[in-house]
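Below: one structure, written as structure tokens.
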Amino acid sequence: MKLEELKKYNNKKIAILGFWKEGKSSLNFLLKLWLKNITILDKNIEIEKREGLNYQLWESYLETLWNYDLIFKSPWISPYNNLISPYKEKLITQAQVFFSNYKWKIIWITWTKGKSTTSTLTYETLKKIWYNTKIVWNIGNPVLDEVNLINNESFDFIVYELSSYMLEALKTKLFIWVINNIYDCHLDWHLGRKNYEKAKFWVINNSENKLVNFELKNTTKNISNIKYFWENWNYYFKDWLFYKNKQVVLKDQNIALQWEHNSKNITVVVWILDIINEVNFWNNIKILKEVLSIFTWLPHRIQNIWVYNWITFIDDAIATTPESTIAALKTYEHNIWTILLWGQGSGFNFEELKNILEKYNILNIVLFPDTWEKIFWNLSNYEYEAIFNLKWKYSPKILKTKSMKSAIDFAYKNTPKWKICILSNAAPSFSLWTWYIQKWDEFQNEVKNYNIIR
């Protein structure tokens, strides 16, 4: 929706559905457009109310959707909810407003695992090349806070990392569209894999440049003008070398970002540099080398937070799929002694994760609700805070808990010196924390203050 169209809702009823970070941002944006008659709809009854706004809170917050002409939906709320789906035509999101009004070049990065790392690496490289570049993160500040549409702000490139929550029904044209992988994720939100894939691939046909991991070739076989990467396609990594059309462009030397999944991410950046400026490609690759020499893990993505009591603690709190946790386990292999797992299942298949836990003989496992039924089986006979040995293919020590404090106490007491304790969820954790930040803050605070507070 264009801004001029949005301004026409001045005398109509507007609702903001979900008053979290993006909902508050949407409110500020609407007020800058001088729109009135705004109602906040949210399940949280403790929202601090502002004069001049209407509120419908707690359990009845979805009962009057019929009464509004336009509904700004926050990304975490599923449009497939039975109480919301009848009003899909009224729904609008920040992403839709942004893409309808921003007319300059956008690099769209959306897949299941690794999009934040790739987005940041792309941004850091373009910035070092002296492009005027903005990065907009999936879990960072909302896009309407980052880009001033009202004043027609523009950049050479916007690197936009989008989650599937933000992609539903988007209609836009992009400069670059790239996708690396699709794993089962958020299937409960999307009501199945088909809708999840549809969200990820929604705008590919309207994109000027398209790059896809060859593993998704069958999924994209009916889409024209796609370039593929990996396994000897247009761009790939083999024998510690990065290739462009069978020509070596980069060696895996002095690269701080290691492991195969990150080699795929780097390959994507090589392609992006080729697309944006083929004439200066080799100079841009030189700059990429400089960035890669110092670019390491992002916060909460296999982040080594320090060694305490001779135990290395790794924060991988953003790992919310089994595949993400599997990648972390493969990174450290037999050095991991303790792992914290939990969360909603979201339609995941945990069989491969179970095999990896056994393969690397992970001896201490903390299970937060309700992981055990998804990964193992019903463990309701065991009480919370009770430590027991699981009779499985091997015999790991298990702690069932809802407390991060108990989990870290267990880790300190059961992880040997010079071994690793890793927080890598394998699933979302909204059953205990409403936002990622709460979870990783608690983890790091409990680890760092253990000797002080115990």
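Labeling convention for the structure tokens: chains A, B, ... as they appear, residues from 1 per chain, ligands from 1 in order of appearance.
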Step one, run DSSP on the backbone; step two, keep only residues of stretch 358-420 of chain A assigned to alpha helix (DSSP H); then write them as a PyMOL selection string. chain A and resi 358-359+371-375+404-414
Please provide the set of residues having any atom within 12 Å of A:Gly52, restricted to only C-alpha atoms, with same-chain residues fewer than 2 positions apart removed, written as a ChimeraX atom specification. /A:27,31,35-40,49-50,54-55
Kindly export the residues of the current selection with C-alpha atoms, as a compact mmCIF listing (two decimals), in the first residue's frame.
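Saved as result_17.txt:
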# COMPACT_ATOMS: atom_id res chain seq x y z
CA LEU A 27 1.96 2.99 15.89
CA LEU A 31 0.97 8.80 14.06
CA LEU A 35 -3.76 8.90 11.29
CA LYS A 36 -6.30 8.67 14.10
CA ASN A 37 -8.85 6.27 15.56
CA ILE A 38 -6.25 3.59 16.29
CA THR A 39 -7.01 0.57 18.47
CA ILE A 40 -4.38 -1.69 20.06
CA LYS A 49 -1.87 2.84 27.80
CA ARG A 50 -1.44 6.09 25.90
CA ASN A 54 -8.30 2.63 22.04
CA TYR A 55 -7.45 -0.75 23.55
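Coordinates place atom CA of A:Trp111 at a distance of 5.5 Å from atom CA of A:Asn181.
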Can you tell me, as a ChimeraX atom specification, what residues are no more than 10 Å from A:Asn213 when counting only C-alpha atoms, ignoring any on the same chain fewer than 3 positions away? /A:178-182,216-217,220,227-231,233,235-236,264,268
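With only C-alpha atoms as the atoms that count, the minimum distance from A:Asn206 to the choices A:Lys173, A:Lys194, A:Lys439, A:Lys244 is reached by A:Lys173.
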One decimal, Å: what's the distance from atom CA of A:Glu46 over to atom CA of A:Lys24, could you say? 14.4 Å
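Proximity ranking of A:Val307, A:Val136, A:Leu121, A:Val203 relative to A:Glu290 places A:Leu121 first, based on only C-alpha atoms.
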With a distance cut-off of 8 Å and only C-alpha atoms, select the neighbouring residues of A:Leu292, excluding the residue or stretch itself and same-chain residues fewer than 2 positions from it, and output the selection as a PDB file with N, CA and C atoms, in the first residue's frame.
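Saved result, selection_24.pdb, follows:
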ATOM      1  N   ASN A 254      42.981 -17.911   6.054  1.00  0.00           N
ATOM      2  CA  ASN A 254      42.783 -16.794   6.975  1.00  0.00           C
ATOM      3  C   ASN A 254      41.319 -16.375   7.074  1.00  0.00           C
ATOM      4  N   ILE A 255      40.436 -17.345   6.922  1.00  0.00           N
ATOM      5  CA  ILE A 255      39.008 -17.081   7.056  1.00  0.00           C
ATOM      6  C   ILE A 255      38.585 -17.461   8.469  1.00  0.00           C
ATOM      7  N   ALA A 256      38.077 -16.485   9.208  1.00  0.00           N
ATOM      8  CA  ALA A 256      37.709 -16.742  10.600  1.00  0.00           C
ATOM      9  C   ALA A 256      36.400 -17.523  10.715  1.00  0.00           C
ATOM     10  N   LEU A 257      35.550 -17.420   9.706  1.00  0.00           N
ATOM     11  CA  LEU A 257      34.239 -18.069   9.718  1.00  0.00           C
ATOM     12  C   LEU A 257      34.373 -19.467   9.117  1.00  0.00           C
ATOM     13  N   LEU A 288      36.379  -8.602   0.277  1.00  0.00           N
ATOM     14  CA  LEU A 288      35.729  -9.711   0.976  1.00  0.00           C
ATOM     15  C   LEU A 288      36.746 -10.511   1.786  1.00  0.00           C
ATOM     16  N   LYS A 289      37.921 -10.739   1.218  1.00  0.00           N
ATOM     17  CA  LYS A 289      38.984 -11.446   1.949  1.00  0.00           C
ATOM     18  C   LYS A 289      39.334 -10.719   3.248  1.00  0.00           C
ATOM     19  N   GLU A 290      39.433  -9.393   3.162  1.00  0.00           N
ATOM     20  CA  GLU A 290      39.757  -8.607   4.348  1.00  0.00           C
ATOM     21  C   GLU A 290      38.671  -8.751   5.414  1.00  0.00           C
ATOM     22  N   ILE A 294      38.460 -11.245   9.680  1.00  0.00           N
ATOM     23  CA  ILE A 294      38.087 -10.833  11.040  1.00  0.00           C
ATOM     24  C   ILE A 294      36.635 -11.138  11.385  1.00  0.00           C
ATOM     25  N   PHE A 295      35.820 -11.506  10.395  1.00  0.00           N
ATOM     26  CA  PHE A 295      34.390 -11.745  10.627  1.00  0.00           C
ATOM     27  C   PHE A 295      34.208 -13.132  11.229  1.00  0.00           C
ATOM     28  N   THR A 296      33.617 -13.191  12.428  1.00  0.00           N
ATOM     29  CA  THR A 296      33.407 -14.488  13.088  1.00  0.00           C
ATOM     30  C   THR A 296      31.919 -14.683  13.349  1.00  0.00           C
TER      31      THR A 296
END
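With atom CA of A:Asn222 on one side and atom CA of A:Asn209 on the other, the separation reads 15.7 Å.
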Contacts of stretch 372-380 of chain A at 6 Å or less, counting only C-alpha atoms, minus same-chain residues fewer than 2 places along, as a ChimeraX atom specification? /A:350,370,382
Take the residues from that selection and put them in a file with N, CA and C atoms, as a PDB file, in the first residue's frame.
ATOM      1  N   PHE A 350      12.814 -34.761  14.760  1.00  0.00           N
ATOM      2  CA  PHE A 350      14.016 -34.747  15.586  1.00  0.00           C
ATOM      3  C   PHE A 350      14.858 -36.023  15.457  1.00  0.00           C
ATOM      4  N   ASP A 370       8.600 -28.330  25.989  1.00  0.00           N
ATOM      5  CA  ASP A 370       8.204 -29.701  26.234  1.00  0.00           C
ATOM      6  C   ASP A 370       9.006 -30.635  25.327  1.00  0.00           C
ATOM      7  N   TYR A 382       9.005 -38.481  35.498  1.00  0.00           N
ATOM      8  CA  TYR A 382      10.141 -37.851  36.173  1.00  0.00           C
ATOM      9  C   TYR A 382       9.773 -36.430  36.572  1.00  0.00           C
TER      10      TYR A 382
END
Exercise: stretch 167-172 of chain A partners within 10 Å, only C-alpha atoms, chain neighbours under 5 positions left out, as a PyMOL selection string: chain A and resi 75+78-79+88+92-93+95-103+110+162+190+195-196+198-207
Write out as an MDAnalysis selection string the residues lying within 10 Å of A:Ile275, counting only C-alpha atoms and excluding same-chain residues fewer than 6 positions away. chainID A and resid 175:176 209 269 281
Could you give me, as JSON lines, every stretch 275-343 of chain A residue with an atom at most 12 Å from stretch 385-406 of chain A, plus its closest atom pair and distance in Å to one decimal, counting only C-alpha atoms, rows ordered by chain then number?
{"residue": "A:Trp337", "atom": "CA", "partner": "A:Pro396", "partner_atom": "CA", "distance": 10.0}
{"residue": "A:Thr338", "atom": "CA", "partner": "A:Lys397", "partner_atom": "CA", "distance": 9.3}
{"residue": "A:Ile339", "atom": "CA", "partner": "A:Ile398", "partner_atom": "CA", "distance": 10.0}
{"residue": "A:Leu340", "atom": "CA", "partner": "A:Leu399", "partner_atom": "CA", "distance": 9.4}
{"residue": "A:Leu341", "atom": "CA", "partner": "A:Lys400", "partner_atom": "CA", "distance": 10.1}
{"residue": "A:Trp342", "atom": "CA", "partner": "A:Lys402", "partner_atom": "CA", "distance": 9.6}
{"residue": "A:Gly343", "atom": "CA", "partner": "A:Lys402", "partner_atom": "CA", "distance": 10.8}
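Residue nearest A:Ser116, chosen from A:Phe155, A:Trp130, A:Tyr160, A:Tyr360 and counting only C-alpha atoms: A:Tyr160.
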Can you tell me, as a PyMOL selection string, which residues in stretch 100-252 of chain A count as strand (DSSP E) by DSSP? chain A and resi 106-109+133-136+157-161+174-179+207-213+226-229+235-238+241-244+247-251
Just write the chosen residues, N, CA and C atoms, as a compact mmCIF listing (two decimals), in the first residue's frame.
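Writing done, so here's out.txt:
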# COMPACT_ATOMS: atom_id res chain seq x y z
N ILE A 106 17.16 -3.72 -3.42
CA ILE A 106 17.04 -4.53 -2.20
C ILE A 106 17.66 -5.90 -2.45
N ILE A 107 18.50 -6.31 -1.52
CA ILE A 107 19.06 -7.68 -1.55
C ILE A 107 18.29 -8.47 -0.50
N TRP A 108 17.50 -9.38 -0.98
CA TRP A 108 16.57 -10.14 -0.14
C TRP A 108 17.22 -11.47 0.23
N ILE A 109 17.41 -11.70 1.51
CA ILE A 109 18.02 -12.94 1.99
C ILE A 109 17.04 -13.62 2.93
N THR A 133 24.99 1.53 2.47
CA THR A 133 24.25 0.28 2.67
C THR A 133 23.57 0.27 4.03
N LYS A 134 22.38 -0.29 4.07
CA LYS A 134 21.63 -0.46 5.31
C LYS A 134 21.27 -1.93 5.44
N ILE A 135 21.41 -2.46 6.66
CA ILE A 135 20.95 -3.82 6.92
C ILE A 135 19.71 -3.77 7.79
N VAL A 136 18.73 -4.55 7.41
CA VAL A 136 17.49 -4.66 8.19
C VAL A 136 17.35 -6.11 8.61
N PHE A 157 22.17 0.06 -1.45
CA PHE A 157 21.60 -1.27 -1.25
C PHE A 157 21.00 -1.37 0.14
N ILE A 158 19.89 -2.05 0.22
CA ILE A 158 19.38 -2.49 1.52
C ILE A 158 19.49 -4.01 1.55
N VAL A 159 20.19 -4.52 2.56
CA VAL A 159 20.27 -5.96 2.78
C VAL A 159 19.16 -6.30 3.77
N TYR A 160 18.19 -7.04 3.32
CA TYR A 160 16.99 -7.29 4.12
C TYR A 160 16.90 -8.77 4.44
N GLU A 161 17.06 -9.08 5.71
CA GLU A 161 16.90 -10.47 6.16
C GLU A 161 15.46 -10.65 6.64
N LEU A 174 12.25 -7.27 -6.67
CA LEU A 174 13.52 -7.19 -5.97
C LEU A 174 14.68 -7.16 -6.95
N PHE A 175 15.79 -6.59 -6.48
CA PHE A 175 17.02 -6.60 -7.26
C PHE A 175 17.70 -7.97 -7.15
N ILE A 176 17.84 -8.47 -5.94
CA ILE A 176 18.48 -9.78 -5.71
C ILE A 176 17.60 -10.61 -4.77
N TRP A 177 17.39 -11.84 -5.14
CA TRP A 177 16.68 -12.81 -4.31
C TRP A 177 17.56 -14.04 -4.21
N VAL A 178 17.83 -14.49 -2.99
CA VAL A 178 18.71 -15.64 -2.81
C VAL A 178 18.17 -16.52 -1.69
N ILE A 179 18.27 -17.83 -1.91
CA ILE A 179 17.82 -18.78 -0.89
C ILE A 179 18.78 -19.97 -0.86
N SER A 207 11.82 -11.15 -9.27
CA SER A 207 13.15 -10.72 -8.87
C SER A 207 14.08 -10.66 -10.09
N GLU A 208 14.90 -9.64 -10.11
CA GLU A 208 15.80 -9.43 -11.25
C GLU A 208 16.92 -10.48 -11.29
N ASN A 209 17.48 -10.80 -10.13
CA ASN A 209 18.57 -11.78 -10.04
C ASN A 209 18.21 -12.83 -9.00
N LYS A 210 18.37 -14.11 -9.36
CA LYS A 210 17.92 -15.19 -8.49
C LYS A 210 19.02 -16.22 -8.34
N LEU A 211 19.34 -16.55 -7.09
CA LEU A 211 20.34 -17.57 -6.80
C LEU A 211 19.74 -18.57 -5.82
N VAL A 212 19.90 -19.86 -6.14
CA VAL A 212 19.30 -20.92 -5.33
C VAL A 212 20.31 -22.03 -5.13
N ASN A 213 20.37 -22.58 -3.94
CA ASN A 213 21.17 -23.77 -3.69
C ASN A 213 20.65 -24.91 -4.57
N ILE A 226 17.16 -18.76 -13.21
CA ILE A 226 17.79 -18.97 -11.91
C ILE A 226 19.23 -19.40 -12.11
N LYS A 227 20.12 -18.90 -11.26
CA LYS A 227 21.47 -19.43 -11.18
C LYS A 227 21.56 -20.29 -9.92
N TYR A 228 22.32 -21.37 -10.01
CA TYR A 228 22.46 -22.28 -8.88
C TYR A 228 23.89 -22.24 -8.35
N PHE A 229 24.01 -22.56 -7.08
CA PHE A 229 25.33 -22.64 -6.47
C PHE A 229 25.46 -23.93 -5.68
N TYR A 235 28.39 -21.25 -8.94
CA TYR A 235 29.25 -20.80 -7.85
C TYR A 235 29.30 -21.93 -6.83
N TYR A 236 30.51 -22.28 -6.39
CA TYR A 236 30.60 -23.41 -5.47
C TYR A 236 31.91 -23.39 -4.70
N PHE A 237 32.00 -24.27 -3.71
CA PHE A 237 33.17 -24.42 -2.85
C PHE A 237 33.62 -25.88 -2.91
N LYS A 238 34.91 -26.07 -3.17
CA LYS A 238 35.42 -27.44 -3.27
C LYS A 238 36.92 -27.44 -2.96
N LEU A 241 38.55 -24.26 -1.91
CA LEU A 241 38.58 -23.19 -2.90
C LEU A 241 37.16 -22.76 -3.25
N PHE A 242 36.96 -21.46 -3.46
CA PHE A 242 35.67 -20.93 -3.91
C PHE A 242 35.77 -20.65 -5.41
N TYR A 243 34.75 -21.09 -6.14
CA TYR A 243 34.77 -20.99 -7.60
C TYR A 243 33.62 -20.13 -8.11
N LYS A 244 33.92 -19.46 -9.24
CA LYS A 244 32.90 -18.81 -10.06
C LYS A 244 33.06 -19.40 -11.46
N GLN A 247 36.28 -21.10 -12.18
CA GLN A 247 37.48 -20.29 -11.98
C GLN A 247 37.62 -20.00 -10.49
N VAL A 248 38.81 -20.25 -9.94
CA VAL A 248 39.05 -20.00 -8.52
C VAL A 248 39.04 -18.49 -8.26
N VAL A 249 38.22 -18.08 -7.30
CA VAL A 249 38.15 -16.64 -6.98
C VAL A 249 38.60 -16.36 -5.55
N LEU A 250 38.63 -17.40 -4.71
CA LEU A 250 38.95 -17.19 -3.31
C LEU A 250 39.43 -18.49 -2.69
N LYS A 251 40.46 -18.40 -1.86
CA LYS A 251 40.96 -19.58 -1.15
C LYS A 251 40.53 -19.51 0.31
